[in-house]
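Coordinates as given in target.pdb (PDB, C-alpha atoms):
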ATOM      1  CA  MET L   1      30.415   1.970  -9.152
ATOM      2  CA  SER L   2      27.787   1.056  -6.544
ATOM      3  CA  TRP L   3      25.519  -1.986  -6.156
ATOM      4  CA  LYS L   4      22.523   0.208  -6.976
ATOM      5  CA  LYS L   5      24.100   1.359 -10.226
ATOM      6  CA  ILE L   6      24.982  -2.229 -11.160
ATOM      7  CA  TRP L   7      21.384  -3.412 -10.676
ATOM      8  CA  ASN L   8      19.973  -0.475 -12.595
ATOM      9  CA  GLN L   9      22.106  -1.436 -15.587
ATOM     10  CA  LYS L  10      20.523  -4.887 -15.876
ATOM     11  CA  THR L  11      18.312  -5.205 -18.969
ATOM     12  CA  SER L  12      16.524  -7.912 -20.947
ATOM     13  CA  THR L  13      15.248  -8.338 -24.497
ATOM     14  CA  LEU L  14      12.978 -11.280 -23.657
ATOM     15  CA  ASP L  15       9.288 -10.873 -24.401
ATOM     16  CA  PHE L  16       7.848 -12.156 -21.116
ATOM     17  CA  SER L  17       4.274 -12.088 -22.409
ATOM     18  CA  CYS L  18       4.850 -14.927 -24.893
ATOM     19  CA  SER L  19       7.707 -16.928 -23.333
ATOM     20  CA  GLN L  20       7.647 -20.282 -21.571
ATOM     21  CA  ASP L  21       7.952 -20.441 -17.778
ATOM     22  CA  GLU L  22      11.437 -21.961 -17.977
ATOM     23  CA  GLN L  23      12.672 -19.156 -20.236
ATOM     24  CA  ILE L  24      11.163 -16.513 -17.990
ATOM     25  CA  LEU L  25      12.666 -17.930 -14.792
ATOM     26  CA  GLN L  26      16.096 -18.263 -16.411
ATOM     27  CA  GLU L  27      15.970 -14.643 -17.545
ATOM     28  CA  LEU L  28      14.782 -13.425 -14.144
ATOM     29  CA  LEU L  29      17.696 -15.209 -12.461
ATOM     30  CA  PHE L  30      20.072 -13.485 -14.875
ATOM     31  CA  LEU L  31      18.509 -10.102 -14.129
ATOM     32  CA  ASN L  32      18.845 -10.786 -10.396
ATOM     33  CA  GLY L  33      22.571 -11.447 -10.792
ATOM     34  CA  PHE L  34      22.833 -15.237 -10.676
ATOM     35  CA  ASP L  35      25.236 -15.481 -13.595
ATOM     36  CA  THR L  36      28.644 -15.110 -11.914
ATOM     37  CA  LYS L  37      31.391 -17.677 -11.278
ATOM     38  CA  SER L  38      30.405 -18.135  -7.647
ATOM     39  CA  GLY L  39      26.721 -17.259  -7.890
ATOM     40  CA  SER L  40      25.425 -19.068 -10.952
ATOM     41  CA  LEU L  41      22.389 -21.311 -10.489
ATOM     42  CA  LYS L  42      21.150 -24.213 -12.564
ATOM     43  CA  LEU L  43      17.455 -23.883 -13.214
ATOM     44  CA  GLN L  44      16.402 -27.268 -11.835
ATOM     45  CA  ASP L  45      18.597 -26.907  -8.756
ATOM     46  CA  TYR L  46      16.971 -23.566  -8.015
ATOM     47  CA  ARG L  47      13.472 -24.911  -8.538
ATOM     48  CA  ASP L  48      14.236 -27.841  -6.227
ATOM     49  CA  PHE L  49      15.416 -25.416  -3.544
ATOM     50  CA  VAL L  50      12.333 -23.210  -3.881
ATOM     51  CA  GLN L  51      10.082 -26.260  -3.654
ATOM     52  CA  GLU L  52      11.876 -27.372  -0.485
ATOM     53  CA  ILE L  53      11.357 -23.933   1.075
ATOM     54  CA  PHE L  54       7.707 -23.985  -0.012
ATOM     55  CA  ILE L  55       7.228 -27.266   1.851
ATOM     56  CA  GLN L  56       9.326 -26.488   4.943
ATOM     57  CA  ALA L  57       7.702 -23.093   5.511
ATOM     58  CA  LYS L  58       4.240 -24.543   4.757
ATOM     59  CA  LEU L  59       3.592 -21.756   2.277
ATOM     60  CA  LYS L  60       0.580 -23.584   0.831
ATOM     61  CA  ASP L  61      -1.280 -22.466   3.974
ATOM     62  CA  TYR L  62      -0.766 -18.772   3.197
ATOM     63  CA  THR L  63      -2.356 -16.497   0.617
ATOM     64  CA  SER L  64      -0.235 -13.321   0.530
ATOM     65  CA  ILE L  65       3.516 -12.783   0.190
ATOM     66  CA  PHE L  66       5.838  -9.786  -0.150
ATOM     67  CA  GLU L  67       9.550  -9.840  -1.002
ATOM     68  CA  VAL L  68      12.027  -7.191   0.117
ATOM     69  CA  GLY L  69      14.695  -6.670  -2.555
ATOM     70  CA  CYS L  70      12.732  -8.697  -5.092
ATOM     71  CA  GLY L  71      14.677  -7.475  -8.115
ATOM     72  CA  ALA L  72      12.921  -8.716 -11.246
ATOM     73  CA  GLY L  73      10.867 -11.235  -9.238
ATOM     74  CA  ALA L  74      12.730 -14.516  -9.781
ATOM     75  CA  PHE L  75      12.074 -15.968  -6.316
ATOM     76  CA  LEU L  76       8.392 -15.004  -6.331
ATOM     77  CA  PHE L  77       7.953 -16.357  -9.840
ATOM     78  CA  ALA L  78       9.536 -19.687  -8.868
ATOM     79  CA  LEU L  79       7.393 -19.897  -5.717
ATOM     80  CA  ASN L  80       4.262 -19.271  -7.741
ATOM     81  CA  LEU L  81       5.215 -22.069 -10.138
ATOM     82  CA  VAL L  82       5.687 -24.473  -7.222
ATOM     83  CA  GLY L  83       2.263 -23.499  -5.939
ATOM     84  CA  GLY L  84       0.655 -24.263  -9.273
ATOM     85  CA  GLY L  85       0.254 -20.638 -10.270
ATOM     86  CA  GLY L  86      -2.563 -19.952  -7.839
ATOM     87  CA  SER L  87      -1.270 -20.558  -4.328
ATOM     88  CA  PHE L  88      -1.024 -16.849  -3.511
ATOM     89  CA  LYS L  89      -3.913 -14.446  -3.926
ATOM     90  CA  SER L  90      -1.591 -11.492  -3.439
ATOM     91  CA  ILE L  91       2.056 -11.221  -4.543
ATOM     92  CA  GLY L  92       4.238  -8.142  -4.214
ATOM     93  CA  GLY L  93       7.715  -6.797  -3.685
ATOM     94  CA  MET L  94       9.981  -3.787  -3.527
ATOM     95  CA  ASP L  95      13.412  -2.909  -4.879
ATOM     96  CA  TYR L  96      15.558   0.183  -5.299
ATOM     97  CA  ALA L  97      16.363  -0.710  -8.935
ATOM     98  CA  LYS L  98      13.600   0.841 -11.022
ATOM     99  CA  ASN L  99      14.238  -1.200 -14.163
ATOM    100  CA  LEU L 100      14.064  -4.495 -12.235
ATOM    101  CA  ILE L 101      10.734  -3.529 -10.661
ATOM    102  CA  LEU L 102       9.395  -2.833 -14.147
ATOM    103  CA  TYR L 103      10.289  -6.415 -15.139
ATOM    104  CA  ALA L 104       8.588  -7.768 -12.007
ATOM    105  CA  ARG L 105       5.434  -5.865 -12.903
ATOM    106  CA  GLU L 106       5.617  -7.308 -16.395
ATOM    107  CA  VAL L 107       5.938 -10.852 -15.063
ATOM    108  CA  PHE L 108       3.047 -10.359 -12.608
ATOM    109  CA  PRO L 109       0.620  -8.115 -14.535
ATOM    110  CA  GLN L 110      -2.270  -9.032 -12.236
ATOM    111  CA  PHE L 111      -0.257  -7.782  -9.232
ATOM    112  CA  GLN L 112       1.672  -4.922 -10.825
ATOM    113  CA  ASP L 113       0.325  -2.384  -8.318
ATOM    114  CA  ASN L 114       1.916  -4.450  -5.519
ATOM    115  CA  PHE L 115       5.474  -3.871  -6.780
ATOM    116  CA  TYR L 116       7.184  -0.746  -5.509
ATOM    117  CA  HIS L 117      10.284   1.105  -6.613
ATOM    118  CA  GLN L 118      11.645   2.211  -3.266
ATOM    119  CA  ASP L 119      14.207   1.534  -0.583
ATOM    120  CA  ALA L 120      13.579  -1.274   1.919
ATOM    121  CA  ARG L 121      13.527   1.181   4.831
ATOM    122  CA  TYR L 122      10.068   2.366   3.739
ATOM    123  CA  LEU L 123       8.279  -0.876   4.503
ATOM    124  CA  GLU L 124       5.956   0.898   6.922
ATOM    125  CA  LYS L 125       3.933   2.013   3.893
ATOM    126  CA  ILE L 126       3.235  -1.594   2.872
ATOM    127  CA  ASP L 127       0.147  -3.494   4.033
ATOM    128  CA  SER L 128       0.617  -6.515   6.283
ATOM    129  CA  VAL L 129       0.825  -9.902   4.547
ATOM    130  CA  ASP L 130       0.986 -13.538   5.594
ATOM    131  CA  VAL L 131       4.621 -13.939   4.493
ATOM    132  CA  MET L 132       7.506 -11.455   4.305
ATOM    133  CA  CYS L 133      10.669 -12.691   2.636
ATOM    134  CA  THR L 134      14.084 -11.870   1.198
ATOM    135  CA  PHE L 135      16.271 -14.050  -0.979
ATOM    136  CA  SER L 136      20.000 -13.371  -1.426
ATOM    137  CA  VAL L 137      19.691  -9.646  -0.815
ATOM    138  CA  MET L 138      20.691  -8.889   2.780
ATOM    139  CA  HIS L 139      24.417  -8.907   2.011
ATOM    140  CA  TYR L 140      23.836  -5.813  -0.145
ATOM    141  CA  PHE L 141      22.561  -3.793   2.834
ATOM    142  CA  SER L 142      24.830  -0.939   3.907
ATOM    143  CA  ASP L 143      25.350  -1.977   7.538
ATOM    144  CA  LEU L 144      23.861  -3.979  10.404
ATOM    145  CA  GLU L 145      21.924  -1.003  11.782
ATOM    146  CA  TYR L 146      20.104  -0.616   8.469
ATOM    147  CA  ALA L 147      19.608  -4.396   8.244
ATOM    148  CA  GLY L 148      18.173  -4.543  11.751
ATOM    149  CA  PHE L 149      15.713  -1.761  10.970
ATOM    150  CA  VAL L 150      14.487  -3.584   7.856
ATOM    151  CA  MET L 151      14.252  -6.899   9.714
ATOM    152  CA  GLU L 152      12.132  -5.325  12.450
ATOM    153  CA  GLN L 153       9.716  -3.945   9.883
ATOM    154  CA  MET L 154       9.478  -7.325   8.188
ATOM    155  CA  PHE L 155       8.518  -8.996  11.465
ATOM    156  CA  GLN L 156       5.986  -6.255  12.139
ATOM    157  CA  LYS L 157       4.377  -6.641   8.713
ATOM    158  CA  ALA L 158       4.301 -10.466   8.686
ATOM    159  CA  LYS L 159       1.133 -12.060  10.024
ATOM    160  CA  LYS L 160       2.446 -15.617   9.986
ATOM    161  CA  CYS L 161       5.926 -16.172   8.511
ATOM    162  CA  VAL L 162       9.225 -14.431   7.698
ATOM    163  CA  LEU L 163      11.900 -15.901   5.418
ATOM    164  CA  PHE L 164      15.492 -14.651   5.312
ATOM    165  CA  LEU L 165      17.149 -16.786   2.640
ATOM    166  CA  ASP L 166      20.701 -17.073   1.320
ATOM    167  CA  VAL L 167      22.224 -15.000   4.135
ATOM    168  CA  LEU L 168      26.012 -14.669   4.417
ATOM    169  CA  ASP L 169      27.362 -16.357   7.576
ATOM    170  CA  PHE L 170      29.693 -14.161   9.660
ATOM    171  CA  LEU L 171      31.514 -17.222  10.997
ATOM    172  CA  LYS L 172      32.466 -18.197   7.446
ATOM    173  CA  LYS L 173      33.456 -14.756   6.188
ATOM    174  CA  SER L 174      37.184 -15.418   5.796
ATOM    175  CA  GLN L 175      36.571 -18.731   3.978
ATOM    176  CA  ASP L 176      34.074 -17.082   1.636
ATOM    177  CA  ILE L 177      36.452 -14.261   0.728
ATOM    178  CA  GLU L 178      39.334 -16.684   0.187
ATOM    179  CA  LYS L 179      37.181 -18.879  -2.077
ATOM    180  CA  LYS L 180      36.206 -15.854  -4.182
ATOM    181  CA  ARG L 181      39.834 -14.739  -4.441
ATOM    182  CA  GLN L 182      40.719 -18.182  -5.782
ATOM    183  CA  LEU L 183      37.836 -18.115  -8.278
ATOM    184  CA  TYR L 184      38.309 -14.594  -9.578
ATOM    185  CA  GLY L 185      42.062 -14.127  -9.183
ATOM    186  CA  GLN L 186      43.112 -10.580 -10.026
ATOM    187  CA  GLU L 187      39.519  -9.727 -10.921
ATOM    188  CA  TYR L 188      38.469 -10.028  -7.274
ATOM    189  CA  GLU L 189      39.615  -6.584  -6.129
ATOM    190  CA  LYS L 190      38.204  -5.031  -9.278
ATOM    191  CA  MET L 191      34.818  -6.665  -8.689
ATOM    192  CA  TYR L 192      34.476  -6.541  -4.905
ATOM    193  CA  GLY L 193      37.129  -4.138  -3.618
ATOM    194  CA  ASN L 194      34.752  -1.200  -3.289
ATOM    195  CA  LEU L 195      31.595  -3.311  -3.100
ATOM    196  CA  PRO L 196      31.707  -5.147   0.227
ATOM    197  CA  HIS L 197      29.193  -7.754   1.322
ATOM    198  CA  LEU L 198      27.536  -7.772   4.741
ATOM    199  CA  TYR L 199      27.827 -10.898   6.918
ATOM    200  CA  TYR L 200      25.459 -11.891   9.734
ATOM    201  CA  ARG L 201      25.544 -13.798  12.990
ATOM    202  CA  LYS L 202      22.676 -16.267  13.369
ATOM    203  CA  GLU L 203      21.984 -14.933  16.866
ATOM    204  CA  MET L 204      20.695 -11.689  15.353
ATOM    205  CA  PHE L 205      17.783 -13.543  13.757
ATOM    206  CA  LEU L 206      17.071 -15.712  16.793
ATOM    207  CA  LYS L 207      16.848 -12.726  19.137
ATOM    208  CA  MET L 208      14.652 -10.652  16.863
ATOM    209  CA  ALA L 209      12.316 -13.548  16.090
ATOM    210  CA  LYS L 210      11.822 -14.161  19.819
ATOM    211  CA  ARG L 211      11.154 -10.455  20.414
ATOM    212  CA  TYR L 212       8.279 -10.503  17.925
ATOM    213  CA  GLY L 213       6.818 -13.855  18.965
ATOM    214  CA  PHE L 214       8.186 -16.023  16.143
ATOM    215  CA  VAL L 215       9.766 -19.474  16.325
ATOM    216  CA  CYS L 216      12.999 -19.463  14.342
ATOM    217  CA  LYS L 217      14.564 -22.345  12.400
ATOM    218  CA  ILE L 218      18.016 -21.800  10.890
ATOM    219  CA  GLN L 219      19.738 -24.171   8.489
ATOM    220  CA  ASP L 220      22.772 -24.057   6.243
ATOM    221  CA  GLN L 221      22.151 -23.243   2.610
ATOM    222  CA  ASN L 222      21.804 -26.388   0.492
ATOM    223  CA  ILE L 223      21.259 -25.419  -3.158
ATOM    224  CA  LYS L 224      22.977 -28.029  -5.315
ATOM    225  CA  ASN L 225      25.883 -26.900  -7.507
ATOM    226  CA  TYR L 226      25.731 -23.398  -5.988
ATOM    227  CA  LEU L 227      29.241 -22.464  -4.894
ATOM    228  CA  ASN L 228      27.960 -19.909  -2.385
ATOM    229  CA  SER L 229      25.970 -22.528  -0.460
ATOM    230  CA  GLU L 230      28.715 -23.475   1.974
ATOM    231  CA  PHE L 231      29.004 -19.891   3.262
ATOM    232  CA  ARG L 232      25.310 -19.056   3.687
ATOM    233  CA  PHE L 233      22.248 -19.998   5.692
ATOM    234  CA  ASN L 234      18.458 -19.770   5.611
ATOM    235  CA  VAL L 235      16.039 -18.565   8.295
ATOM    236  CA  ILE L 236      12.407 -19.664   8.530
ATOM    237  CA  ALA L 237      10.500 -17.841  11.269
ATOM    238  CA  THR L 238       6.863 -18.697  11.995
ATOM    239  CA  LYS L 239       4.407 -16.994  14.335
ATOM    240  CA  GLU L 240       3.864 -18.826  17.625
TER
END

If you took the structure in this file and wrote it as structure tokens, what would it be?
Amino acid sequence: MSWKKIWNQKTSTLDFSCSQDEQILQELLFLNGFDTKSGSLKLQDYRDFVQEIFIQAKLKDYTSIFEVGCGAGAFLFALNLVGGGGSFKSIGGMDYAKNLILYAREVFPQFQDNFYHQDARYLEKIDSVDVMCTFSVMHYFSDLEYAGFVMEQMFQKAKKCVLFLDVLDFLKKSQDIEKKRQLYGQEYEKMYGNLPHLYYRKEMFLKMAKRYGFVCKIQDQNIKNYLNSEFRFNVIATKE
């Protein structure tokens, strides 16, 4: 089993066209994998976090956004709700799970042509936008060389801001693994044995941001009631 196969198996029976915003967001979070013992998110806690990011990154000043590894579009959908449904004139994303991209297109029918089923390494084909972002996806990248290549493209495509959110902290790797072993017990090896996560040093983001003329702010993750918070961090990089 691979991460790609796992994501491609995610399905939903919800009719997004006639469902309330709360129902849609809850379903999108499920599709994006936030339903595990360590990774479950309460709806209000998630919305509070997204609103905080919206304010800190001053996203109200920008009109276009693109998410790498968007899955079914949960983060973009939540951001759009915070912005009153009209903050962004252009919303888009890409993911290697075809079925999840189909859900994202369904949730954003007016922007369906902006959602691409392809690997993150092909970002050069995407038009530049005000904001490039990822949320809780970089630990699924194969290695740091691949991650660095994607990060460089994100900085190149961003006119004003880059967000790397919910990133696994290398300095807390052993604590994170131990916490998961305690939570999952014998299930841990079955779930994660052949599906490793990638951890990052904060210096990697600081150096790359400086190289591309961005000011970088890094803070520990702070989503309430989210067990992964203590092992992750967020990066907000803005153009100088």

Just say which residues the PyMOL selection byres ((chain L and resi 10-18) around 8) picks in this file, as a short mmCIF file (atom, residue, chain, number, x, y, z; two decimals) with C-alpha atoms, keeping the file's coordinate frame.
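As a result, selection-v9.cif now contains:
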data_model
loop_
_atom_site.label_atom_id
_atom_site.label_comp_id
_atom_site.auth_asym_id
_atom_site.auth_seq_id
_atom_site.Cartn_x
_atom_site.Cartn_y
_atom_site.Cartn_z
CA ILE L 6 24.98 -2.23 -11.16
CA TRP L 7 21.38 -3.41 -10.68
CA ASN L 8 19.97 -0.48 -12.60
CA GLN L 9 22.11 -1.44 -15.59
CA SER L 19 7.71 -16.93 -23.33
CA GLN L 20 7.65 -20.28 -21.57
CA ILE L 24 11.16 -16.51 -17.99
CA GLU L 27 15.97 -14.64 -17.55
CA LEU L 31 18.51 -10.10 -14.13
CA ASN L 99 14.24 -1.20 -14.16
CA LEU L 100 14.06 -4.50 -12.24
CA GLU L 106 5.62 -7.31 -16.40
CA VAL L 107 5.94 -10.85 -15.06
#

Distance criterion (only C-alpha atoms): nearest to Phe170 (chain L) out of L:Ile101, L:Leu59, L:Ala237, L:Met204: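 Among L:Ile101, L:Leu59, L:Ala237, L:Met204, it is L:Met204 that comes nearest to Phe170 (chain L).
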
Output of the PyMOL selection byres ((chain L and resi 152) around 10), listed as JSON, numbers by chain: {"L": [123, 147, 148, 149, 150, 151, 153, 154, 155, 156, 157, 208, 209, 211, 212]}

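Coordinates place CA of Lys239 (chain L) at a distance of 10.0 Å from CA of Asp130 (chain L).
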
CA of Leu165 (chain L) to CA of Ile91 (chain L), distance in Å rounded to a single decimal: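 About the pair CA of Leu165 (chain L) and CA of Ile91 (chain L): they are 17.6 Å apart.
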
Residues matched by the PyMOL selection byres ((chain L and resi 69-81) around 8), written as a ChimeraX atom specification: /L:25,28-29,31-32,47,50-51,54,67-68,82-88,91,93-97,100-104,107,120,134-135,137

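From CA of Phe111 (chain L) back to CA of Ile65 (chain L), the distance works out to 11.3 Å.
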
For Lys160 (chain L): contacts at 9 Å, only C-alpha atoms, fewer than 5 positions along chain excluded, given as a ChimeraX atom specification: /L:62,129-132,214,237-240

If I wrap all listed atoms of region 133-147 of chain L in a box with edges along x, y and z and add 4 Å on each side, what are its centre and edge lengths in Å to one decimal, as JSON?
{"center_x": 18.0, "center_y": -7.3, "center_z": 5.2, "size_x": 22.7, "size_y": 21.4, "size_z": 21.2}

Best match for closeness to Phe141 (chain L) among L:Val167, L:Ser229, L:Ser64, L:Tyr46, counting only C-alpha atoms: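 Of the candidates, the smallest distance to Phe141 (chain L) is held by L:Val167.
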
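When the distance limit is 9 Å and only C-alpha atoms are what count, the residues near Asp48 (chain L), minus those fewer than 5 positions from it on the same chain, are Leu43, Ile53, Ile223 and Lys224 of chain L.
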
Option closest in space to Asp143 (chain L), from L:Gly92, L:Tyr184, L:Lys98, L:Pro196 [counting all atoms listed in the file]: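 Going through L:Gly92, L:Tyr184, L:Lys98, L:Pro196 one by one, the smallest distance to Asp143 (chain L) is for L:Pro196.
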
Residue among L:Leu198, L:Ile177, L:Leu168, L:Leu183 lying closest to Asp220 (chain L), counting all atoms listed in the file: L:Leu168
